[in-house]
Each structure stands twice: as structure tokens, then as C-alpha cells.
$ cat entry-v5.txt   # compact mmCIF, C-alpha atoms
# COMPACT_ATOMS: atom_id res chain seq x y z
CA MET A 21 -152.03 80.81 -59.99
CA ALA A 22 -155.27 79.48 -61.48
CA ARG A 23 -156.64 76.36 -59.83
CA TRP A 24 -159.48 74.03 -60.77
CA LEU A 25 -162.18 73.49 -58.14
CA LYS A 26 -163.95 71.17 -60.61
CA GLU A 27 -162.58 69.51 -63.75
CA GLY A 28 -164.27 67.75 -66.66
CA LEU A 29 -163.21 64.73 -68.70
CA SER A 30 -159.52 64.22 -69.42
CA GLN A 31 -158.06 65.22 -72.77
CA GLU A 32 -157.38 61.54 -73.48
CA ALA A 33 -161.08 60.72 -73.09
CA LYS A 34 -162.01 63.62 -75.36
CA ASP A 35 -159.49 62.48 -78.01
CA THR A 36 -160.91 58.95 -77.94
CA ALA A 37 -164.44 60.27 -78.46
CA ASP A 38 -163.26 62.52 -81.31
CA ALA A 39 -161.58 59.59 -83.06
CA LYS A 40 -164.82 57.61 -82.95
CA VAL A 41 -166.74 60.54 -84.42
CA ARG A 42 -164.18 60.97 -87.22
CA LYS A 43 -164.41 57.34 -88.28
CA THR A 44 -168.22 57.25 -88.21
CA VAL A 45 -168.51 60.41 -90.29
CA GLU A 46 -165.96 59.21 -92.83
CA THR A 47 -167.91 55.97 -93.33
CA ILE A 48 -171.23 57.75 -93.83
CA LEU A 49 -169.84 60.31 -96.27
CA ASP A 50 -168.14 57.60 -98.34
CA ASP A 51 -171.42 55.70 -98.50
CA ILE A 52 -173.38 58.79 -99.61
CA LYS A 53 -170.75 59.46 -102.26
CA ALA A 54 -171.15 55.91 -103.56
CA ARG A 55 -174.91 55.33 -103.25
CA GLY A 56 -176.53 58.76 -103.15
CA ASP A 57 -180.23 58.84 -102.28
CA GLY A 58 -180.26 55.18 -101.27
CA ALA A 59 -177.73 55.88 -98.54
CA LEU A 60 -179.64 58.99 -97.43
CA SER A 61 -182.84 56.94 -96.97
CA GLU A 62 -181.08 54.27 -94.95
CA TYR A 63 -179.29 56.67 -92.63
CA SER A 64 -182.36 58.85 -92.19
CA ALA A 65 -184.42 55.80 -91.24
CA LYS A 66 -181.69 54.56 -88.89
CA PHE A 67 -180.93 57.80 -87.08
CA ASP A 68 -184.18 59.78 -87.39
CA ASN A 69 -186.87 57.16 -88.04
CA TRP A 70 -187.71 59.09 -91.21
CA SER A 71 -187.60 57.72 -94.74
CA PRO A 72 -189.95 59.61 -97.09
CA ILE A 73 -190.19 59.18 -100.84
CA LYS A 74 -188.77 62.70 -101.23
CA PHE A 75 -186.82 64.65 -98.63
CA ARG A 76 -187.71 68.01 -100.18
CA LEU A 77 -190.96 69.41 -98.82
CA THR A 78 -193.59 70.53 -101.31
CA ARG A 79 -195.35 73.89 -101.13
CA GLU A 80 -198.42 72.08 -99.79
CA GLU A 81 -196.42 70.40 -97.03
CA ILE A 82 -194.83 73.71 -96.07
CA ASP A 83 -198.21 75.48 -95.99
CA ALA A 84 -199.59 72.71 -93.78
CA CYS A 85 -196.89 73.49 -91.22
CA TYR A 86 -198.27 77.02 -90.80
CA GLU A 87 -201.51 75.42 -89.56
CA GLN A 88 -199.59 73.67 -86.78
CA VAL A 89 -198.12 76.80 -85.17
CA THR A 90 -199.91 79.65 -83.44
CA GLU A 91 -200.22 83.24 -84.57
CA GLN A 92 -198.07 84.19 -81.59
CA ASN A 93 -195.38 81.74 -82.80
CA ILE A 94 -195.41 83.42 -86.19
CA GLU A 95 -195.23 86.91 -84.69
CA ASP A 96 -192.31 85.87 -82.48
CA ILE A 97 -190.46 84.38 -85.46
CA LYS A 98 -191.09 87.59 -87.43
CA PHE A 99 -189.68 89.68 -84.58
CA ALA A 100 -186.56 87.55 -84.22
CA GLN A 101 -185.93 87.51 -87.97
CA ALA A 102 -186.35 91.28 -88.12
CA GLN A 103 -183.62 91.71 -85.50
CA ILE A 104 -181.21 89.35 -87.27
CA ARG A 105 -181.97 90.91 -90.68
CA ASN A 106 -181.43 94.43 -89.34
CA PHE A 107 -178.02 93.66 -87.85
CA ALA A 108 -176.97 91.70 -90.95
CA GLU A 109 -177.86 94.70 -93.11
CA ILE A 110 -175.83 96.97 -90.82
CA GLN A 111 -172.88 94.59 -91.17
CA LYS A 112 -173.28 94.40 -94.94
CA SER A 113 -173.11 98.19 -95.17
CA ALA A 114 -169.57 97.96 -93.80
CA LEU A 115 -168.53 95.92 -96.87
CA THR A 116 -167.77 98.17 -99.81
CA ASP A 117 -166.22 97.67 -103.23
CA VAL A 118 -163.01 99.63 -103.76
CA GLU A 119 -161.12 100.93 -106.79
CA GLU A 120 -158.03 103.14 -106.55
CA GLU A 121 -155.11 104.29 -108.70
CA THR A 122 -152.26 102.93 -106.59
CA PHE A 123 -149.41 103.83 -109.01
CA PRO A 124 -149.56 106.07 -112.08
CA GLY A 125 -151.70 104.20 -114.60
CA VAL A 126 -152.38 101.24 -112.25
CA ILE A 127 -155.99 100.72 -111.14
CA LEU A 128 -156.58 98.09 -108.46
CA GLY A 129 -159.85 97.14 -106.86
CA HIS A 130 -161.99 94.50 -105.28
CA LYS A 131 -165.60 93.45 -105.65
CA ASN A 132 -167.72 91.78 -102.97
CA ILE A 133 -169.64 88.96 -104.63
CA PRO A 134 -172.12 86.65 -102.83
CA VAL A 135 -171.61 82.90 -102.93
CA ASN A 136 -173.96 81.41 -105.55
CA SER A 137 -175.45 78.58 -103.48
CA VAL A 138 -175.49 77.76 -99.78
CA GLY A 139 -176.72 74.84 -97.72
CA CYS A 140 -178.00 75.88 -94.28
CA TYR A 141 -178.18 73.27 -91.54
CA VAL A 142 -180.74 73.70 -88.76
CA PRO A 143 -180.31 71.30 -85.82
CA GLY A 144 -183.55 69.83 -84.59
CA GLY A 145 -183.31 66.22 -83.49
CA LYS A 146 -183.13 66.89 -79.74
CA TYR A 147 -184.73 70.35 -79.70
CA PRO A 148 -186.44 72.12 -82.62
CA MET A 149 -183.78 74.83 -83.08
CA VAL A 150 -186.00 77.37 -84.81
CA ALA A 151 -183.47 80.17 -84.26
CA SER A 152 -180.84 78.49 -86.44
CA ALA A 153 -183.09 79.04 -89.46
CA HIS A 154 -182.99 82.80 -88.83
CA MET A 155 -179.25 82.87 -88.27
CA SER A 156 -178.28 81.14 -91.51
CA VAL A 157 -181.08 81.65 -94.03
CA VAL A 158 -181.88 85.29 -93.20
CA THR A 159 -178.20 86.24 -93.18
CA ALA A 160 -177.53 84.49 -96.49
CA LYS A 161 -180.54 86.26 -97.98
CA VAL A 162 -179.24 89.66 -96.87
CA ALA A 163 -175.85 88.79 -98.41
CA GLY A 164 -177.53 88.17 -101.77
CA VAL A 165 -177.04 84.39 -102.13
CA LYS A 166 -179.02 83.24 -105.18
CA ARG A 167 -179.88 79.68 -104.08
CA ILE A 168 -180.40 78.86 -100.42
CA ILE A 169 -181.34 75.34 -99.40
CA SER A 170 -182.08 74.39 -95.82
CA CYS A 171 -182.01 71.03 -94.06
CA ALA A 172 -183.35 70.09 -90.65
CA PRO A 173 -183.95 66.65 -89.17
CA PRO A 174 -187.44 65.48 -88.23
CA TYR A 175 -188.53 66.11 -84.66
CA ASN A 176 -190.17 63.13 -82.98
CA GLY A 177 -190.36 61.36 -86.33
CA VAL A 178 -192.02 64.11 -88.41
CA PRO A 179 -190.93 67.44 -89.90
CA SER A 180 -190.78 70.15 -87.23
CA ALA A 181 -193.54 72.58 -88.16
CA ALA A 182 -191.91 75.50 -86.34
CA ILE A 183 -188.57 74.98 -88.09
CA ILE A 184 -190.24 74.60 -91.50
CA VAL A 185 -192.20 77.82 -90.99
CA ALA A 186 -189.06 79.67 -89.89
CA GLN A 187 -187.08 78.38 -92.88
CA ASP A 188 -189.85 79.45 -95.24
CA MET A 189 -190.33 82.87 -93.64
CA ALA A 190 -186.56 83.41 -93.77
CA GLY A 191 -186.57 82.86 -97.55
CA ALA A 192 -185.15 79.38 -98.14
CA ASP A 193 -185.54 78.34 -101.79
CA GLU A 194 -185.58 74.61 -101.08
CA ILE A 195 -186.51 72.99 -97.76
CA TYR A 196 -185.54 69.41 -96.92
CA CYS A 197 -186.42 67.30 -93.91
CA LEU A 198 -183.06 65.62 -93.51
CA GLY A 199 -180.63 65.68 -90.62
CA GLY A 200 -177.16 64.87 -89.35
CA VAL A 201 -174.15 63.79 -91.37
CA GLN A 202 -176.42 62.59 -94.16
CA ALA A 203 -177.78 66.13 -94.62
CA MET A 204 -174.29 67.63 -94.77
CA GLY A 205 -173.13 64.97 -97.22
CA ALA A 206 -176.17 65.42 -99.46
CA MET A 207 -175.80 69.20 -99.63
CA ALA A 208 -172.07 69.08 -100.31
CA LEU A 209 -171.76 66.00 -102.52
CA GLY A 210 -175.14 66.08 -104.21
CA THR A 211 -177.48 63.16 -104.93
CA GLU A 212 -180.08 62.38 -107.54
CA GLU A 213 -182.59 64.52 -105.63
CA ILE A 214 -180.38 67.28 -104.22
CA ARG A 215 -178.12 69.49 -106.32
CA PRO A 216 -174.86 70.26 -104.45
CA VAL A 217 -174.12 73.69 -103.03
CA ASP A 218 -170.96 75.78 -102.87
CA MET A 219 -170.94 76.33 -99.11
CA LEU A 220 -172.26 74.75 -95.89
CA VAL A 221 -173.23 76.81 -92.85
CA GLY A 222 -174.88 76.29 -89.50
CA PRO A 223 -174.24 74.70 -86.11
CA GLY A 224 -174.67 71.08 -85.12
CA ASN A 225 -173.50 68.29 -82.87
CA ALA A 226 -170.03 66.76 -82.95
CA TYR A 227 -170.93 64.60 -85.97
CA VAL A 228 -172.27 67.54 -87.99
CA ALA A 229 -169.20 69.64 -87.15
CA GLU A 230 -166.89 66.78 -88.16
CA ALA A 231 -168.79 66.32 -91.43
CA LYS A 232 -168.21 69.98 -92.23
CA ARG A 233 -164.52 69.57 -91.44
CA GLN A 234 -164.18 66.55 -93.74
CA LEU A 235 -166.16 68.20 -96.54
CA PHE A 236 -164.20 71.45 -96.41
CA GLY A 237 -162.34 71.91 -99.68
CA ARG A 238 -165.03 70.28 -101.74
CA VAL A 239 -167.27 73.06 -100.43
CA GLY A 240 -166.64 76.12 -98.31
CA ILE A 241 -167.79 76.21 -94.71
CA ASP A 242 -168.58 79.04 -92.36
CA LEU A 243 -166.64 77.66 -89.38
CA LEU A 244 -166.49 74.63 -87.12
CA ALA A 245 -169.52 75.17 -84.88
CA GLY A 246 -169.89 72.02 -82.81
CA PRO A 247 -171.45 71.35 -79.39
CA THR A 248 -172.25 74.54 -77.49
CA GLU A 249 -169.64 75.96 -75.13
CA THR A 250 -170.15 78.60 -72.47
CA LEU A 251 -167.72 80.42 -70.21
CA ILE A 252 -168.86 82.71 -67.42
CA ILE A 253 -166.35 85.23 -66.11
CA ALA A 254 -167.68 86.52 -62.80
CA ASP A 255 -166.67 88.20 -59.57
CA ASP A 256 -168.48 88.84 -56.29
CA THR A 257 -170.81 91.41 -57.86
CA VAL A 258 -173.10 88.54 -58.87
CA ASP A 259 -174.47 85.49 -57.08
CA GLY A 260 -174.37 81.75 -57.58
CA GLU A 261 -178.02 81.50 -58.58
CA LEU A 262 -177.49 83.68 -61.65
CA CYS A 263 -174.22 81.93 -62.61
CA ALA A 264 -175.83 78.50 -62.21
CA ALA A 265 -178.83 79.44 -64.35
CA ASP A 266 -176.58 80.75 -67.13
CA LEU A 267 -174.30 77.69 -67.03
CA LEU A 268 -177.15 75.18 -67.08
CA GLY A 269 -178.98 77.21 -69.72
CA GLN A 270 -176.23 76.29 -72.16
CA ALA A 271 -175.34 72.87 -70.76
CA GLU A 272 -178.83 71.69 -71.74
CA HIS A 273 -177.84 71.89 -75.41
CA GLY A 274 -176.29 68.45 -75.16
CA PRO A 275 -174.33 66.04 -72.95
CA THR A 276 -171.00 67.13 -74.45
CA SER A 277 -171.48 70.88 -73.97
CA PRO A 278 -168.74 72.45 -71.81
CA ALA A 279 -169.92 74.92 -69.15
CA ILE A 280 -167.17 76.74 -67.27
CA LEU A 281 -167.12 79.26 -64.42
CA LEU A 282 -164.01 81.44 -64.22
CA THR A 283 -163.89 83.60 -61.10
CA ASN A 284 -161.65 85.34 -58.59
CA SER A 285 -164.11 84.61 -55.78
CA GLU A 286 -163.90 81.24 -54.04
CA ASP A 287 -167.18 81.97 -52.26
CA LEU A 288 -168.92 82.48 -55.62
CA ALA A 289 -167.32 79.29 -56.96
CA ASN A 290 -168.66 77.17 -54.10
CA GLU A 291 -172.04 78.91 -54.13
CA THR A 292 -172.42 78.25 -57.86
CA ILE A 293 -171.60 74.55 -57.52
CA THR A 294 -174.18 74.21 -54.74
CA GLU A 295 -176.75 76.17 -56.71
CA ILE A 296 -176.23 74.04 -59.84
CA GLU A 297 -177.03 70.91 -57.87
CA ARG A 298 -180.16 72.58 -56.48
CA GLN A 299 -181.38 73.81 -59.88
CA LEU A 300 -180.81 70.40 -61.44
CA THR A 301 -183.49 68.99 -59.14
CA SER A 302 -186.19 71.08 -60.83
CA LEU A 303 -184.88 71.77 -64.36
CA SER A 304 -186.93 69.84 -66.93
CA THR A 305 -183.81 69.29 -69.07
CA ALA A 306 -181.73 68.19 -66.08
CA GLU A 307 -180.90 64.79 -67.55
CA ILE A 308 -178.96 66.39 -70.41
CA ALA A 309 -177.68 69.45 -68.55
CA GLY A 310 -176.61 67.34 -65.58
CA GLU A 311 -174.58 64.98 -67.74
CA ALA A 312 -172.89 67.90 -69.48
CA TRP A 313 -172.07 69.51 -66.13
CA LYS A 314 -170.76 66.23 -64.66
CA ASP A 315 -168.47 65.41 -67.60
CA HIS A 316 -167.65 68.83 -69.07
CA GLY A 317 -168.33 71.36 -66.31
CA GLN A 318 -165.39 73.22 -64.80
CA VAL A 319 -164.88 75.78 -62.05
CA ILE A 320 -161.62 77.73 -62.16
CA ILE A 321 -160.44 80.17 -59.51
CA CYS A 322 -157.97 82.91 -60.43
CA ASP A 323 -156.19 85.58 -58.42
CA ASP A 324 -157.28 88.64 -60.38
CA TYR A 325 -158.75 90.02 -63.61
CA GLU A 326 -155.46 89.73 -65.45
CA GLU A 327 -155.18 86.01 -64.74
CA MET A 328 -158.86 85.51 -65.60
CA LEU A 329 -158.19 87.20 -68.93
CA GLN A 330 -155.22 84.92 -69.66
CA VAL A 331 -157.16 81.75 -68.85
CA ALA A 332 -160.21 82.93 -70.81
CA ASP A 333 -158.12 83.54 -73.93
CA LEU A 334 -156.63 80.03 -73.60
CA ILE A 335 -160.09 78.49 -73.33
CA ALA A 336 -161.35 80.55 -76.31
CA SER A 337 -164.95 79.64 -75.55
CA GLU A 338 -167.80 79.97 -78.02
CA HIS A 339 -169.88 82.08 -75.61
CA VAL A 340 -168.30 84.29 -72.95
CA GLN A 341 -170.58 85.96 -70.43
CA VAL A 342 -168.84 88.64 -68.36
CA MET A 343 -170.46 89.60 -65.04
CA THR A 344 -167.87 91.69 -63.23
CA ARG A 345 -167.42 95.22 -61.91
CA ASP A 346 -165.70 96.19 -65.13
CA PRO A 347 -166.94 94.07 -68.07
CA ASP A 348 -165.45 96.54 -70.54
CA TYR A 349 -161.98 95.46 -69.37
CA PHE A 350 -162.62 92.10 -71.03
CA LEU A 351 -164.17 93.71 -74.12
CA ALA A 352 -161.04 95.82 -74.53
CA ASN A 353 -158.53 93.03 -73.87
CA MET A 354 -159.96 89.61 -74.80
CA THR A 355 -158.85 88.29 -78.19
CA ASN A 356 -160.14 84.70 -78.38
CA TYR A 357 -163.89 84.03 -78.20
CA GLY A 358 -167.02 83.54 -80.27
CA ALA A 359 -169.26 86.23 -78.80
CA LEU A 360 -169.19 88.37 -75.65
CA PHE A 361 -172.19 89.04 -73.43
CA LEU A 362 -171.35 91.99 -71.21
CA GLY A 363 -173.01 92.51 -67.85
CA PRO A 364 -175.63 90.55 -65.89
CA GLU A 365 -178.47 92.21 -67.82
CA THR A 366 -177.78 90.20 -70.97
CA ASN A 367 -177.17 86.47 -71.43
CA VAL A 368 -176.32 83.89 -74.05
CA SER A 369 -179.96 82.94 -74.56
CA TYR A 370 -180.68 86.43 -75.96
CA GLY A 371 -177.92 85.92 -78.53
CA ASP A 372 -179.09 82.38 -79.24
CA LYS A 373 -182.64 83.34 -80.04
CA VAL A 374 -183.54 86.92 -80.76
CA ILE A 375 -181.34 89.92 -80.03
CA GLY A 376 -179.84 90.18 -83.54
CA THR A 377 -176.26 88.93 -83.35
CA ASN A 378 -175.61 85.54 -84.95
CA HIS A 379 -175.52 82.43 -82.80
CA THR A 380 -173.41 80.30 -85.13
CA LEU A 381 -170.05 80.71 -83.43
CA PRO A 382 -166.60 79.05 -83.32
CA THR A 383 -166.05 76.14 -80.91
CA LYS A 384 -163.08 74.00 -79.87
CA THR A 385 -160.80 77.09 -79.60
CA ALA A 386 -161.50 78.10 -83.24
CA GLY A 387 -162.12 81.60 -81.85
CA ARG A 388 -158.33 81.95 -81.96
CA TYR A 389 -158.50 82.40 -85.74
CA THR A 390 -162.09 83.11 -86.78
CA GLY A 391 -165.19 84.93 -85.69
CA GLY A 392 -168.75 83.69 -85.99
CA LEU A 393 -171.18 83.55 -88.88
CA TRP A 394 -172.07 86.95 -90.30
CA VAL A 395 -173.16 88.39 -93.60
CA GLY A 396 -169.53 88.67 -94.74
CA LYS A 397 -169.08 84.88 -94.56
CA PHE A 398 -171.41 84.56 -97.55
CA ILE A 399 -169.51 87.15 -99.57
CA LYS A 400 -166.28 86.57 -101.50
CA THR A 401 -163.96 89.50 -101.96
CA HIS A 402 -162.40 89.28 -105.44
CA THR A 403 -159.60 91.55 -106.62
CA TYR A 404 -159.02 92.91 -110.12
CA GLN A 405 -156.47 95.08 -111.90
CA LYS A 406 -156.30 97.18 -115.06
CA ILE A 407 -153.36 99.35 -116.21
CA THR A 408 -152.21 101.54 -119.06
CA LYS A 409 -149.48 100.60 -121.55
CA GLU A 410 -147.12 103.09 -119.87
CA ALA A 411 -147.79 101.53 -116.47
CA SER A 412 -147.29 98.05 -117.93
CA VAL A 413 -143.78 99.09 -118.97
CA ALA A 414 -143.02 100.61 -115.56
CA ILE A 415 -144.31 97.60 -113.63
CA GLY A 416 -142.98 95.12 -116.17
CA LYS A 417 -139.33 96.09 -115.60
CA TYR A 418 -139.62 95.20 -111.93
CA CYS A 419 -141.60 92.04 -112.65
CA SER A 420 -139.06 90.81 -115.23
CA ARG A 421 -136.15 91.16 -112.83
CA LEU A 422 -138.03 89.62 -109.91
CA CYS A 423 -139.06 86.62 -112.04
CA ALA A 424 -135.44 86.12 -113.06
CA LEU A 425 -134.46 86.21 -109.37
CA GLU A 426 -136.84 83.32 -108.71
CA GLY A 427 -135.99 81.38 -111.86
CA PHE A 428 -139.48 81.64 -113.39
CA ALA A 429 -138.70 81.92 -117.10
CA GLY A 430 -142.31 81.74 -118.25
CA HIS A 431 -143.38 84.39 -115.77
CA LYS A 432 -140.49 86.60 -116.94
CA GLU A 433 -141.60 86.26 -120.56
CA GLN A 434 -145.10 87.43 -119.63
CA ALA A 435 -143.51 90.70 -118.56
CA ASP A 436 -140.92 90.84 -121.33
CA ILE A 437 -143.39 90.43 -124.19
CA ARG A 438 -145.22 93.49 -122.95
CA LEU A 439 -142.00 95.45 -122.56
CA ARG A 440 -141.16 94.67 -126.18
CA ARG A 441 -144.63 95.50 -127.49
CA TYR A 442 -145.32 98.64 -125.49
CA ALA A 443 -141.87 100.20 -125.24
CA GLY A 444 -139.63 98.31 -127.62
CA ILE A 445 -137.56 97.27 -124.62
CA ASN A 446 -135.86 93.92 -124.46
CA GLU A 447 -134.69 93.13 -120.98
CA GLY A 448 -132.98 89.94 -122.14
$ encode --input "entry-v5.txt" --output "C-alpha cells"
Amino acid sequence: MARWLKEGLSQEAKDTADAKVRKTVETILDDIKARGDGALSEYSAKFDNWSPIKFRLTREEIDACYEQVTEQNIEDIKFAQAQIRNFAEIQKSALTDVEEETFPGVILGHKNIPVNSVGCYVPGGKYPMVASAHMSVVTAKVAGVKRIISCAPPYNGVPSAAIIVAQDMAGADEIYCLGGVQAMGAMALGTEEIRPVDMLVGPGNAYVAEAKRQLFGRVGIDLLAGPTETLIIADDTVDGELCAADLLGQAEHGPTSPAILLTNSEDLANETITEIERQLTSLSTAEIAGEAWKDHGQVIICDDYEEMLQVADLIASEHVQVMTRDPDYFLANMTNYGALFLGPETNVSYGDKVIGTNHTLPTKTAGRYTGGLWVGKFIKTHTYQKITKEASVAIGKYCSRLCALEGFAGHKEQADIRLRRYAGINEG
């Protein structure tokens, strides 16, 4: 029976916080809908201390950002983008158009068509999340999206040069220095300055994720990618120092980021808790990581791999790092997660920054019904059909009777008119 050595906040406390977020986001989106750019300026000044005449950066402003980063920075960004582009192209090659004769004279098919316009959100208020520019803009570019706009908040009151360079190198068509709910609202609803897009993608904090949820329907979204979550599944083949480093490495994303250890070793559980406290004394981001661990950290002890698997699938964490004797057992059997990191040699940071898989992943158990962002998220699969007159008669007989069964007279006539024209048949 699984037992909790450490628990986080209660579900009631989480629900209360979620309700507050929902109300705040609703108010901001309604205001943007009503007042457009005026609302954007006010919220940007309030939340980010940034209220420029125009939120879109000019070519000159973008070029100036290149002067603020080093050649090594640029080479590192190029390397990371090459890895993400390569894997996105591999994924795209798995998507093919189809056309088959499924019944004599009946041709059915589908075409994979990119979304026309996408708004990519790059978080950057707390940390300049350069990698999020690669994950969204590069992948959308590989998919063939015609218009890609990208928004990121200012960092320390000014545009983040590293993010701007990454957005530009990735191929964004329009770059805006605008963050939070106001950025999501502007991209989805449109303002005098910003033409609306068809789809929003990218990770963000709880407010950004809630904005995407409320805007879904008006625009498409990739998935609900809120505050970072990490789950480590480990046994006694690893030590507490490694587990602690990997838990805190994700907890530093923000004070509401869950970090969970799931193990069948009580010794490892206790060692990890002790090691976390030790590492927090020297970690430069300990204030954030420590709060996340205090309020959202958990340590769960299970009897065996099978129980660990069951609990892991219930948690459905965004990131799942498996450090056990047999990590492939979890690869073969887990069904609910964002991304798996198998073995102690890899870690979530590789996936976050550079290895090539996408770091925009489902949170809040959304891994039960969706995977993460990938090139296919930007592509719509549309079906089509074309048939001969003879096939129209053959199919039409069935359609006419089935429409009558359901009481759809107009539908039935669509079939019957073709039966009369192509075969002189009147089904009544």
C-alpha cells in the first residue's frame, strides 16, 4: 500500500487558488476584449513595468539584441534549434496524406494542412526562457505555418535580448515584448496593433495556462501547459543526492511547481529529503525551489514496481524521470505522462533545453488524454471524398434508409435526388 512520507498542500487549498486565478484571468480578458491596446498598456505597466508605444519590436530593435549576447550564446542557440528542428522534421515525416479506393468507385482521403497563423508564448518574467522560443517557433516553422507571431514579457523591465534573438533565429514573423494573460488575450482576441491568430501554443504560469483554457474555442490551443511538474521514479540503484538535484532542478521553475519522489526504498526516501534540505542551503534559486518543495513536494513509498506504476499513472506528471534497475518496464507500461526520461544518464533539463524533444508538455493530469507539443499539433488533418455515379447509387441506397431510420428527411432527400438522377431509382 502506497504511503506518503511527505505531502503537499491540500486539494481544498489548490482549488481555492485555482478559483482566484480563474476570476483574475476572466477580468483581464474581458477588459482586453473591450478596450484593446489601452488595456494591454495598463496591464503591461502594472505587471511587467513595461508600457512602450508599440509592443512589436522593429528590425532595428531586434538587431540591437544581437549586440547584447555573446557569440557563444548564439552558437548554443543554433545548436539547440538544430536539435529541435531535426526531431520535428523526423516527426513530420511520419505524417502522410492518404487516398484510397475503399469501396468500388469510392475514393476517400485526407490531407495534412498547417494552421495558417500561430501565436507562440515564451515565458520570461522570472527567468528568460530562451528554450521556449525553440520549442514553439521552430516546430511551427517545420510544420509550415505561414504566420508565426511570438510574445515574451520583458525581463527586468526591458526586452530579454536572448529571447528576442532566439525568436528571430527560430523564424518568428512578428516579435512582441508582451507577457502574461495580456499577451494571450492580444494574440487570440486581436487589438488595433496585433492581428489575431488561429492558435495559441507554449507553456506559462497558472495565469497563462488559465487564459489558454478560457480562450479555447475562439482559438485552438496546443494543450494546457501550466506550472512545471516533475515525478522521479527511483529505487536503490540511485542515491539521494541525484534525486534531490533533479527534484530541485524543476522546483525552481516556480513556487507552485510540484516535485514528487516515488520509490520502493524508504532509505532513498529519507536520504532524498535530507539531501534536499542540504542542497537548498547553497542553491541560488533556493527561495523559489524551497517554497515549491515545502508546499508542493511529495515523497511516496510503494511496495514494488507494479504499485509505483499505478501511482505514477494516477499522478500523470508532466515530466517523469525513471531511475530504476529496469526503466524500460515503465516505458512499456506507463500510459499517463508528458515525457519520459529513462535512466540516470538523462534528466529533465536536457529535454527542457537542448536534446531535441519538445518541452511544452501536459500538466494537471492532462497527460491522461494528450501528449505534448509536436509538429503534428500545428497540422490539421482534413478528410475528403469523391465517388463515381455508380458508387453514388450503391452508397445512396444505404444512406437513404439510414436517414429514414433517424427521421432526417432532408438528409434522405440528398441521397434520393442522386438515386433518381443517376439510376432512375425512387426509394420513396
$ closest_residue --input "entry-v5.txt" --among "A:Thr403, A:Gly416, A:Thr292, A:Gly28" --to "Ile133 in chain A" --atoms "all atoms listed in the file"
A:Thr403
$ residues_near_point --input "entry-v5.txt" --point "(-179.2, 85.7, -78.1)" --cutoff "12 Å" --atoms "only C-alpha atoms" --output "PyMOL selection string"
chain A and resi 100+103-104+151-152+154-155+269-270+339+341+359-361+366-381
$ residues_around --input "entry-v5.txt" --residues "Gly246 in chain A" --least-positions-apart "6" --cutoff "6 Å" --atoms "only C-alpha atoms" --output "count of residues only"
5
$ closest_residue --input "entry-v5.txt" --among "A:Ala208, A:Leu60, A:Glu119, A:Glu338" --to "Pro247 in chain A" --atoms "only C-alpha atoms"
A:Glu338
$ residues_around --input "entry-v5.txt" --residues "range 297-304 of chain A" --least-positions-apart "2" --cutoff "9 Å" --atoms "all atoms listed in the file" --output "NGL selection string"
:A and (261 or 264-265 or 268 or 292-295 or 306-307 or 309-310)
$ axis_aligned_box --input "entry-v5.txt" --around "range 91-103 of chain A" --padding-each-side "3 Å" --output "AutoDock Vina command-line options"
--center_x -191.9 --center_y 86.7 --center_z -84.9 --size_x 22.6 --size_y 16.0 --size_z 12.5
$ build_atoms --input "entry-v5.txt" --residues "range 42-54 of chain A" --atoms "N, CA, C and O atoms" --output "compact mmCIF listing (two decimals), in the frame of the given file"
# COMPACT_ATOMS: atom_id res chain seq x y z
N ARG A 42 -164.84 60.84 -85.91
CA ARG A 42 -164.18 60.97 -87.22
C ARG A 42 -164.42 59.75 -88.09
O ARG A 42 -164.74 59.87 -89.28
N LYS A 43 -164.27 58.57 -87.52
CA LYS A 43 -164.41 57.34 -88.28
C LYS A 43 -165.86 57.14 -88.74
O LYS A 43 -166.12 56.77 -89.91
N THR A 44 -166.80 57.40 -87.86
CA THR A 44 -168.22 57.25 -88.21
C THR A 44 -168.60 58.17 -89.35
O THR A 44 -169.26 57.77 -90.32
N VAL A 45 -168.18 59.43 -89.26
CA VAL A 45 -168.51 60.41 -90.29
C VAL A 45 -167.88 60.03 -91.62
O VAL A 45 -168.53 60.10 -92.68
N GLU A 46 -166.64 59.60 -91.59
CA GLU A 46 -165.96 59.21 -92.83
C GLU A 46 -166.72 58.09 -93.53
O GLU A 46 -166.89 58.11 -94.75
N THR A 47 -167.18 57.11 -92.77
CA THR A 47 -167.91 55.97 -93.33
C THR A 47 -169.21 56.42 -93.98
O THR A 47 -169.55 56.01 -95.10
N ILE A 48 -169.95 57.28 -93.30
CA ILE A 48 -171.23 57.75 -93.83
C ILE A 48 -171.03 58.58 -95.10
O ILE A 48 -171.74 58.39 -96.10
N LEU A 49 -170.07 59.47 -95.09
CA LEU A 49 -169.84 60.31 -96.27
C LEU A 49 -169.40 59.48 -97.48
O LEU A 49 -169.84 59.73 -98.61
N ASP A 50 -168.56 58.49 -97.24
CA ASP A 50 -168.14 57.60 -98.34
C ASP A 50 -169.33 56.86 -98.92
O ASP A 50 -169.44 56.67 -100.15
N ASP A 51 -170.25 56.44 -98.06
CA ASP A 51 -171.42 55.70 -98.50
C ASP A 51 -172.35 56.61 -99.31
O ASP A 51 -172.90 56.19 -100.35
N ILE A 52 -172.53 57.84 -98.87
CA ILE A 52 -173.38 58.79 -99.61
C ILE A 52 -172.77 59.08 -100.98
O ILE A 52 -173.47 59.15 -101.99
N LYS A 53 -171.44 59.21 -101.00
CA LYS A 53 -170.75 59.46 -102.26
C LYS A 53 -170.99 58.30 -103.24
O LYS A 53 -171.17 58.50 -104.44
N ALA A 54 -171.02 57.09 -102.70
CA ALA A 54 -171.15 55.91 -103.56
C ALA A 54 -172.60 55.61 -103.94
O ALA A 54 -172.88 55.21 -105.07
